[in-house]
Every structure is written in C-alpha cells, then in structure tokens.
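One structure is given below, encoded as structure tokens.
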Amino acid sequence: MTDVTSPDCILIGFNEIDFADFARAQKVFEATSGSYRELLTNSVLLGDRRMTYMDLLNKVRERMSGRPSRLTAFEMPSLGVAYLTSFLRRRGFDVGVVNFFNSGKEHLAGLLSGSPRAVAITTTYYVDDEPIRQIIRFVREHNPGVPVVVGGPRVHNLCAGQPAQVQDVLLGAIGADIYINSSQGEDTLASVLTALRDGGGDLSRTPNLIYRDPVSPRGPMKRTLSVVESNDLDAEAVDWSTFDPEFFAPTTYMRTSRSCSFGCAFCNYPAMAGPLTLSDLSTIEAELRYLCDHGVRNMIFIDDTFNVPLPRFKKICRMMIENKFDLRWVSFFRCSNADDEAFDLMAEAGCIGVFLGIESGDQRILKNMTKFARTDRYEYGIRELTRRGIVTLASIVLGFPGENEESVTNTIDFLNRTQPTFYNVQLYYHDVLAPIEKQREKYGIEGSGYSWRHATMSWQEAADWKDEFIRRVQGPALMPLYGLSIWCIPYLLSQGMTMEEITRFVRSATRLVIKGLDAEWIDPEPELDAIVRELTGRDAVRA
C-alpha cells in the first residue's frame, strides 16, 4: 500500500541496528579503548554472536512457544518524535511520523514517494552514527532530493567543544544536509520548515544551524547565529489528541521537567540543558488524564530527578492517587531526597520500579563525584523501597578518579549488603565537557572518553575490575544498558510478562554474561533450554 501524501516534514525515530554487527565494529578498538569491554558486560554470548538481553529474551520466547518473537522496547512511542510532532502541528505543519525505523520502512517509503519538504531524524539514545547513516541512505534511495535534517543529543554532543573544521568532518560523515546544534532545537526545526516552505530555502536567518551550501557542497559548512532556546514546558506539553491512541497506548513515556538541579562531576547534562525547568501540576494532571482515558496503563517518567523538589513530587503522587489513574510507572529516583511519606505515596500512586543513580558504594568516591549523597541514605532508601514492593536498579560507575581496589570492594560489599533487585555497572567515561575535566591536574587524568588513566587506575584496570565486580556481586541481577533496562519493564508487562518472570529472566541472563566473560563460543542449545526451564519449570517446545 503506497502513501502518497506530501507532508511538510517526516519525523523519523530510532533505528535499531544488529547488535552483533555493532559488537564486531567495536572490537577494532579493543586495545585502545574500554568501549568494547563495556559492550561485553552489557550483552550475552550465544554461539559466537553477541546479543542484547532483549535478543536473548526473543530467542527464549521462541523456544517456549515454537513461534517467532520480535519484542523490542523501541516499539513504544518515541517521546522525542511525539514532542516534535506536537510542537510542529501546533504551528500548522503537516507532519508524517515514522516512530521506529526498522518496522516503519514501508510507511516511510510511501511518505517519501510524495513531495515532503524535509525529513527530520531525532538522535536520542545514539552513541554511534551508523544508525543515522542507514536512515539517510534509505531516504536518499527513495527520494534523493528531499533535504535531511538531523538534530538532538548526538549532534549537540558531537559539536560541543569542537572547532568548526572538526565539526565539518564529524557531521559530514553522517551525510545529512542540515544539522541543528541546540540542546532543545524544536523551535529551530520549525524555523527550518518555514524557510523551506515560505522562504525559498534560504536558511541564513535561521539560528542554530550547520548546513551544507548547495552552491558549493564540497566547501566548508555554513553556520548561523547560535541562540539559546527555552521552550515552555506547559505550552508545549505533548498534545496526544493529535495522535491515534494506538500510537501511545498502553505504554508510553512522559516528562514533567527539563534538566537537573545537581552538578555531578562526571555529567555535563545540566550545563547542556540549562536550569531545571518544571511543568505545572495542572499540565501534568491534564496530560495524564488524557492518556489514561485513552488506554495508557504503563508510564515511564524520564525526568532526571523526578523526586526533586520533594514537595512537588509528593503533590504529583497525591494527584495521581486522587484521580485514581491506576498506572504502573517507573522513574529515576534519588534516595537522598526522600522520606517515609514519599515512599508511601509513590507506592500508592503505582510506582513499580526506580532507577537509582547510586554511582558508588564508597563515601570517598561519592565526594569526588560531588554527589552530595551518603551511603547510609542509599541503604535506607533501597530497604524502604523494597519493603513497599518497588523494584530497584542501582546504577554504578566504576573507575572514576580516585577509584582503587578498596573503593571497588566497598561498592561490591554495598550491593551485596543492600540487595537491590537489579544493578548495572558502567565503565567510567571521561567527558571533557563535564565538571571533572577542570580537576584533570588534581587527579592526574590523561586521555578522554573510554581511553583514560588517572593517578589510581587506568581504563584497562577498571575493565578488569568490572569483570571481577560482576562475578562477586551475589543476589542482585545484572541489568544492562543496551536493549533491556528498567525502562523496558512497563513494556514487558504490557506484553504479558509478570515482574517475577522478568526478574527470573534477568537472573538467568546474568549467569550467561558471567559465563561469557571467559568464552569465545557458548553452545546455545543447552543454554536456551536451561533458561526456559528456569522460567517455566518445563522443557522447551521443539519445532
């Protein structure tokens, strides 16, 4: 079926590339960067192929039922796509939506067969450019002349701190026509579409752009004035009424704030996103009411600090309780900013799981990180959340400046003592735009990204410690960053799994991760059968 409508803009969400291909590409950097070692502890090995937990879950479900399984959390509505679509439609633009590139190629080809004025690609979640390049190649094959616009976190991070010549190389390798370099960028995109529609394509007066000059495409890219956007969260809350409920029900994302009020030494997000900005309670209530009235039963709140400020968080919980929204939801959560009333309210309001940015179980490292948190408050928070039936994921950073054998051991002991449901452990990534960069001399920091060393540890030592960390943590299950994390729990519940089944599966996958630390090949047949038995108590279905 061909869609020949001609929207002003086609918005394209996530492209999930084959993880085994991604792993092979990263292996090239095995000797020079911790990126490949990071990948190994966020995936499982079956046969000689690396795969995500979600890939493994699909294989297990196929083994259990004898039928194909294609679960992917990227089926859920991309909040970036929803937000941009709503923003543009409010301004009178006709927008075509391709939420998930992998399953939306036929629809996208139909949209491209018309005469769209532009294609815009969001870059939330990308840590590599190949998925973006794949989308652009597809667009070029079906409509060579349509301008391709790329914006979002990937572009902003690539450009930050880099001279124009380096930006030209990095962006040129992606292959788009127009790049939006802004921490927000939605107003800039609207201005681009206006210029393409009403201004004859003259982009020179549109701010925040880096674009290829069509007259001399091989020359330096053109740049326009940089202007800080500050889009109103209340006025620009997603207007879900412009979408078919099938797009967002039964599980969706929502944000109630922008940025973060804290200044952790390893994180550049607050500097990029600007001051903490909060939606009004009435805006949140109206959005939740519409979503619940139209079939949403599971919610993922993406606010970096959902329970900050604490009085506001309590008001949100009370509002959800009073309205009887009956949602199951997950969010980020700061144990250091909670009390017993907050724990009670969130449980009553439907919270089923939280992501805890613990970062370290060593008080000295927390001080180095400027976390303003105490391990005893972490312990108290995990205990009280668990007591109320709320699943916890403790996120750890290993290798931060000052890290040594004692601090790693303290963090392992912390997890074994507090017993969160899940944990993940991330190899430290040195971001030169984060506050810690200013303390390079103090800590003896050399290098950047996943290629670093400091006075007490190198990335190679940290990677070895990470393997040992995973072997020594007993009880909490390892939940990775790729493909399946706590944000996927509402999606899996909507697909018929229970929390107990999800937890048992993650425990089984953790065992397989540990086995894969010392192997180059793992026989898939007995491993899949073992996981099926662990989940169901019966043998697998044979085709």
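If you're wondering about the labels, chains in the structure tokens are A, B, ... by order shown, residues count from 1 in each chain, ligands from 1 in order shown.
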| request: Apply DSSP to the backbone of this structure and, from stretch 352-498 of chain A, keep only the residues in strand (DSSP E); write these as a PyMOL selection string. | output: chain A and resi 352-359+391-398+422-427+446-448+451-454+457-458+477-478
| query | So which residues of stretch 298-398 of chain A fall under alpha helix (DSSP H) by DSSP, listed as JSON, numbers by chain? | reply | {"A": [310, 311, 312, 313, 314, 315, 316, 317, 318, 319, 320, 321, 322, 340, 341, 342, 343, 344, 345, 346, 347, 348, 363, 364, 365, 366, 367, 368, 375, 376, 377, 378, 379, 380, 381, 382, 383, 384, 385, 386, 387]}
| query | Distance atom CA of A:Met346-atom CA of A:Asp304, one decimal place? | reply | 16.5 Å
| query | Which one is closest to A:Ala190: A:Ala286, A:Met254, A:Leu88, A:Leu171? Count only C-alpha atoms. | reply |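 Of A:Ala286, A:Met254, A:Leu88, A:Leu171, the one nearest A:Ala190, counting only C-alpha atoms, is A:Leu88.
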Distance query stretch 296-303 of chain A at most 6 Å, only C-alpha atoms, self and fewer than 2 positions along chain excluded, as a JSON list (two decimals) with N, CA and C atoms, in the first residue's frame:
```
[["chain", "number", "residue", "atom", "x", "y", "z"],
["A", 249, "ALA", "N", -0.80, 3.97, 23.39],
["A", 249, "ALA", "CA", -1.33, 3.04, 24.37],
["A", 249, "ALA", "C", -0.84, 1.62, 24.06],
["A", 250, "PRO", "N", -0.61, 0.80, 25.11],
["A", 250, "PRO", "CA", -0.89, 1.03, 26.53],
["A", 250, "PRO", "C", 0.31, 1.54, 27.34],
["A", 251, "THR", "N", 1.46, 1.76, 26.68],
["A", 251, "THR", "CA", 2.68, 2.12, 27.42],
["A", 251, "THR", "C", 3.35, 3.29, 26.72],
["A", 252, "THR", "N", 3.68, 4.33, 27.48],
["A", 252, "THR", "CA", 4.31, 5.48, 26.86],
["A", 252, "THR", "C", 5.25, 6.18, 27.83],
["A", 253, "TYR", "N", 5.97, 7.16, 27.29],
["A", 253, "TYR", "CA", 6.89, 7.99, 28.07],
["A", 253, "TYR", "C", 6.25, 9.34, 28.36],
["A", 254, "MET", "N", 6.76, 9.99, 29.41],
["A", 254, "MET", "CA", 6.30, 11.33, 29.74],
["A", 254, "MET", "C", 7.39, 12.05, 30.52],
["A", 255, "ARG", "N", 7.50, 13.36, 30.31],
["A", 255, "ARG", "CA", 8.42, 14.14, 31.13],
["A", 255, "ARG", "C", 7.65, 15.27, 31.80],
["A", 257, "SER", "N", 9.69, 17.66, 33.59],
["A", 257, "SER", "CA", 10.70, 18.68, 33.86],
["A", 257, "SER", "C", 11.79, 18.59, 32.80],
["A", 291, "LEU", "N", -4.16, 10.62, 28.66],
["A", 291, "LEU", "CA", -3.52, 9.35, 28.33],
["A", 291, "LEU", "C", -4.26, 8.18, 28.98],
["A", 292, "CYS", "N", -4.62, 8.32, 30.25],
["A", 292, "CYS", "CA", -5.32, 7.23, 30.94],
["A", 292, "CYS", "C", -6.71, 7.00, 30.34],
["A", 305, "THR", "N", 15.52, 13.85, 37.62],
["A", 305, "THR", "CA", 15.34, 13.86, 39.08],
["A", 305, "THR", "C", 13.85, 14.03, 39.37],
["A", 306, "PHE", "N", 13.10, 12.97, 39.21],
["A", 306, "PHE", "CA", 11.65, 13.04, 39.30],
["A", 306, "PHE", "C", 11.20, 13.48, 40.69],
["A", 327, "LEU", "N", -2.06, 3.73, 37.26],
["A", 327, "LEU", "CA", -0.92, 3.49, 36.37],
["A", 327, "LEU", "C", 0.15, 2.66, 37.06],
["A", 328, "ARG", "N", 0.86, 1.87, 36.27],
["A", 328, "ARG", "CA", 2.10, 1.27, 36.73],
["A", 328, "ARG", "C", 3.23, 2.10, 36.14],
["A", 329, "TRP", "N", 4.14, 2.61, 36.98],
["A", 329, "TRP", "CA", 5.14, 3.51, 36.44],
["A", 329, "TRP", "C", 6.52, 3.28, 37.03],
["A", 330, "VAL", "N", 7.52, 3.71, 36.24],
["A", 330, "VAL", "CA", 8.92, 3.68, 36.67],
["A", 330, "VAL", "C", 9.51, 5.07, 36.46],
["A", 331, "SER", "N", 10.61, 5.36, 37.16],
["A", 331, "SER", "CA", 11.24, 6.67, 37.04],
["A", 331, "SER", "C", 12.65, 6.62, 37.60],
["A", 490, "PRO", "N", 7.83, -1.73, 32.04],
["A", 490, "PRO", "CA", 6.43, -1.49, 31.68],
["A", 490, "PRO", "C", 6.05, -2.09, 30.33]]
```
| said: Using only C-alpha atoms, which protein or nucleic acid residues come within 7 Å of A:Gln426? Drop anything in the same chain fewer than 6 positions from it, and give the result as a PyMOL selection string. | reply: chain A and resi 396-398
Take the selection from the previous step and output its residues with C-alpha atoms, as a PDB file, in the first residue's frame.
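The resulting out_27.pdb:
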```pdb
ATOM      1  CA  ILE A 396      27.233   2.111  39.395  1.00  0.00           C
ATOM      2  CA  VAL A 397      30.123   3.944  37.713  1.00  0.00           C
ATOM      3  CA  LEU A 398      33.449   2.109  38.034  1.00  0.00           C
TER       4      LEU A 398
END
```
Need the shell around A:Asp55: protein/DNA/RNA residues with any atom at most 12 Å away, counting only C-alpha atoms. Skip same-chain ones fewer than 5 positions apart. Format as a compact mmCIF listing (two decimals) with N, CA and C atoms, in the first residue's frame?
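Just written: result_5.txt:
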```
# COMPACT_ATOMS: atom_id res chain seq x y z
N GLU A 16 17.24 0.61 15.19
CA GLU A 16 17.94 -0.40 16.00
C GLU A 16 18.78 -1.28 15.07
N ILE A 17 20.10 -1.11 15.13
CA ILE A 17 20.97 -1.89 14.25
C ILE A 17 21.28 -3.24 14.88
N ASP A 18 21.72 -4.18 14.06
CA ASP A 18 22.07 -5.51 14.53
C ASP A 18 23.20 -5.42 15.56
N PHE A 19 22.96 -5.96 16.75
CA PHE A 19 23.93 -5.79 17.82
C PHE A 19 25.23 -6.54 17.54
N ALA A 20 25.13 -7.69 16.90
CA ALA A 20 26.34 -8.45 16.57
C ALA A 20 27.24 -7.65 15.63
N SER A 43 25.98 -7.41 27.35
CA SER A 43 25.40 -8.31 26.35
C SER A 43 25.71 -9.75 26.74
N VAL A 44 25.12 -10.69 26.02
CA VAL A 44 25.38 -12.11 26.24
C VAL A 44 25.97 -12.71 24.97
N LEU A 45 26.62 -13.82 25.15
CA LEU A 45 27.22 -14.55 24.04
C LEU A 45 26.47 -15.86 23.85
N LEU A 46 25.97 -16.08 22.63
CA LEU A 46 25.37 -17.37 22.25
C LEU A 46 26.01 -17.79 20.94
N ARG A 49 28.02 -15.17 18.62
CA ARG A 49 27.36 -13.89 18.38
C ARG A 49 27.02 -13.19 19.69
N ARG A 50 27.34 -11.92 19.74
CA ARG A 50 26.92 -11.08 20.85
C ARG A 50 25.50 -10.61 20.62
N VAL A 60 14.42 -17.00 23.74
CA VAL A 60 13.82 -17.82 24.80
C VAL A 60 12.32 -17.96 24.58
N ARG A 61 11.64 -16.88 24.23
CA ARG A 61 10.20 -16.95 24.00
C ARG A 61 9.88 -17.84 22.80
N GLU A 62 10.72 -17.77 21.77
CA GLU A 62 10.52 -18.66 20.62
C GLU A 62 10.70 -20.12 21.04
N PRO A 68 7.63 -17.26 16.36
CA PRO A 68 8.57 -16.12 16.33
C PRO A 68 8.22 -15.08 17.40
N SER A 69 9.23 -14.45 17.95
CA SER A 69 9.05 -13.38 18.92
C SER A 69 9.90 -12.20 18.48
N ARG A 70 9.31 -11.02 18.42
CA ARG A 70 10.03 -9.83 17.95
C ARG A 70 9.83 -8.66 18.91
N LEU A 71 9.95 -8.93 20.19
CA LEU A 71 9.81 -7.85 21.16
C LEU A 71 10.94 -6.84 21.00
N THR A 72 10.60 -5.57 21.08
CA THR A 72 11.60 -4.51 21.14
C THR A 72 10.96 -3.31 21.83
N ALA A 73 11.68 -2.75 22.79
CA ALA A 73 11.13 -1.61 23.52
C ALA A 73 10.99 -0.38 22.64
N TYR A 482 22.03 -1.71 27.30
CA TYR A 482 21.60 -1.89 25.91
C TYR A 482 20.37 -2.79 25.83
N GLY A 483 19.34 -2.31 25.16
CA GLY A 483 18.26 -3.20 24.74
C GLY A 483 17.21 -3.52 25.77
N LEU A 484 17.62 -3.70 27.03
CA LEU A 484 16.65 -4.04 28.07
C LEU A 484 17.16 -3.49 29.39
N ALA A 509 20.00 -14.37 32.54
CA ALA A 509 20.89 -13.69 31.61
C ALA A 509 22.20 -13.28 32.29
N LEU A 528 19.72 -22.06 26.14
CA LEU A 528 18.32 -21.66 25.94
C LEU A 528 17.38 -22.60 26.66
```
Interface rows for stretch 184-293 of chain A against stretch 105-120 of chain A: nearest pair, Å to one decimal, 10 Å, only C-alpha atoms, as JSON lines:
```
{"residue": "A:Leu189", "atom": "CA", "partner": "A:Ala120", "partner_atom": "CA", "distance": 8.4}
{"residue": "A:Val192", "atom": "CA", "partner": "A:Ala118", "partner_atom": "CA", "distance": 9.1}
{"residue": "A:Leu193", "atom": "CA", "partner": "A:Ala118", "partner_atom": "CA", "distance": 7.3}
{"residue": "A:Thr194", "atom": "CA", "partner": "A:Arg117", "partner_atom": "CA", "distance": 9.9}
{"residue": "A:Leu196", "atom": "CA", "partner": "A:Arg117", "partner_atom": "CA", "distance": 6.8}
{"residue": "A:Arg197", "atom": "CA", "partner": "A:Arg117", "partner_atom": "CA", "distance": 7.2}
{"residue": "A:Gly201", "atom": "CA", "partner": "A:Arg117", "partner_atom": "CA", "distance": 9.9}
```
Could you write out the selected residues, including N, CA, C and O atoms, as a tab-separated table (two decimals), in the first residue's frame?
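Result saved to selection13.tsv:
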```tsv
chain	number	residue	atom	x	y	z
A	189	LEU	N	13.82	23.77	14.36
A	189	LEU	CA	13.26	22.91	13.31
A	189	LEU	C	12.05	23.57	12.67
A	189	LEU	O	11.90	23.54	11.43
A	192	VAL	N	13.31	26.11	10.29
A	192	VAL	CA	13.83	25.48	9.07
A	192	VAL	C	12.69	25.15	8.12
A	192	VAL	O	12.75	25.44	6.91
A	193	LEU	N	11.62	24.57	8.64
A	193	LEU	CA	10.48	24.19	7.79
A	193	LEU	C	9.80	25.43	7.21
A	193	LEU	O	9.35	25.40	6.06
A	194	THR	N	9.75	26.49	8.00
A	194	THR	CA	9.18	27.74	7.48
A	194	THR	C	10.03	28.27	6.33
A	194	THR	O	9.50	28.72	5.30
A	196	LEU	N	11.97	26.56	4.34
A	196	LEU	CA	11.83	25.69	3.17
A	196	LEU	C	10.48	25.89	2.48
A	196	LEU	O	10.37	25.77	1.25
A	197	ARG	N	9.46	26.23	3.27
A	197	ARG	CA	8.11	26.40	2.72
A	197	ARG	C	7.87	27.79	2.18
A	197	ARG	O	7.32	27.97	1.08
A	201	GLY	N	13.91	28.41	0.73
A	201	GLY	CA	15.03	27.58	1.16
A	201	GLY	C	16.21	28.35	1.72
A	201	GLY	O	17.26	27.75	2.00
```
| query | Please, what distance in Å, to one decimal, runs between atom CA of A:Cys9 and atom CA of A:Asp129? | reply |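 These atoms are spaced 21.8 Å apart.
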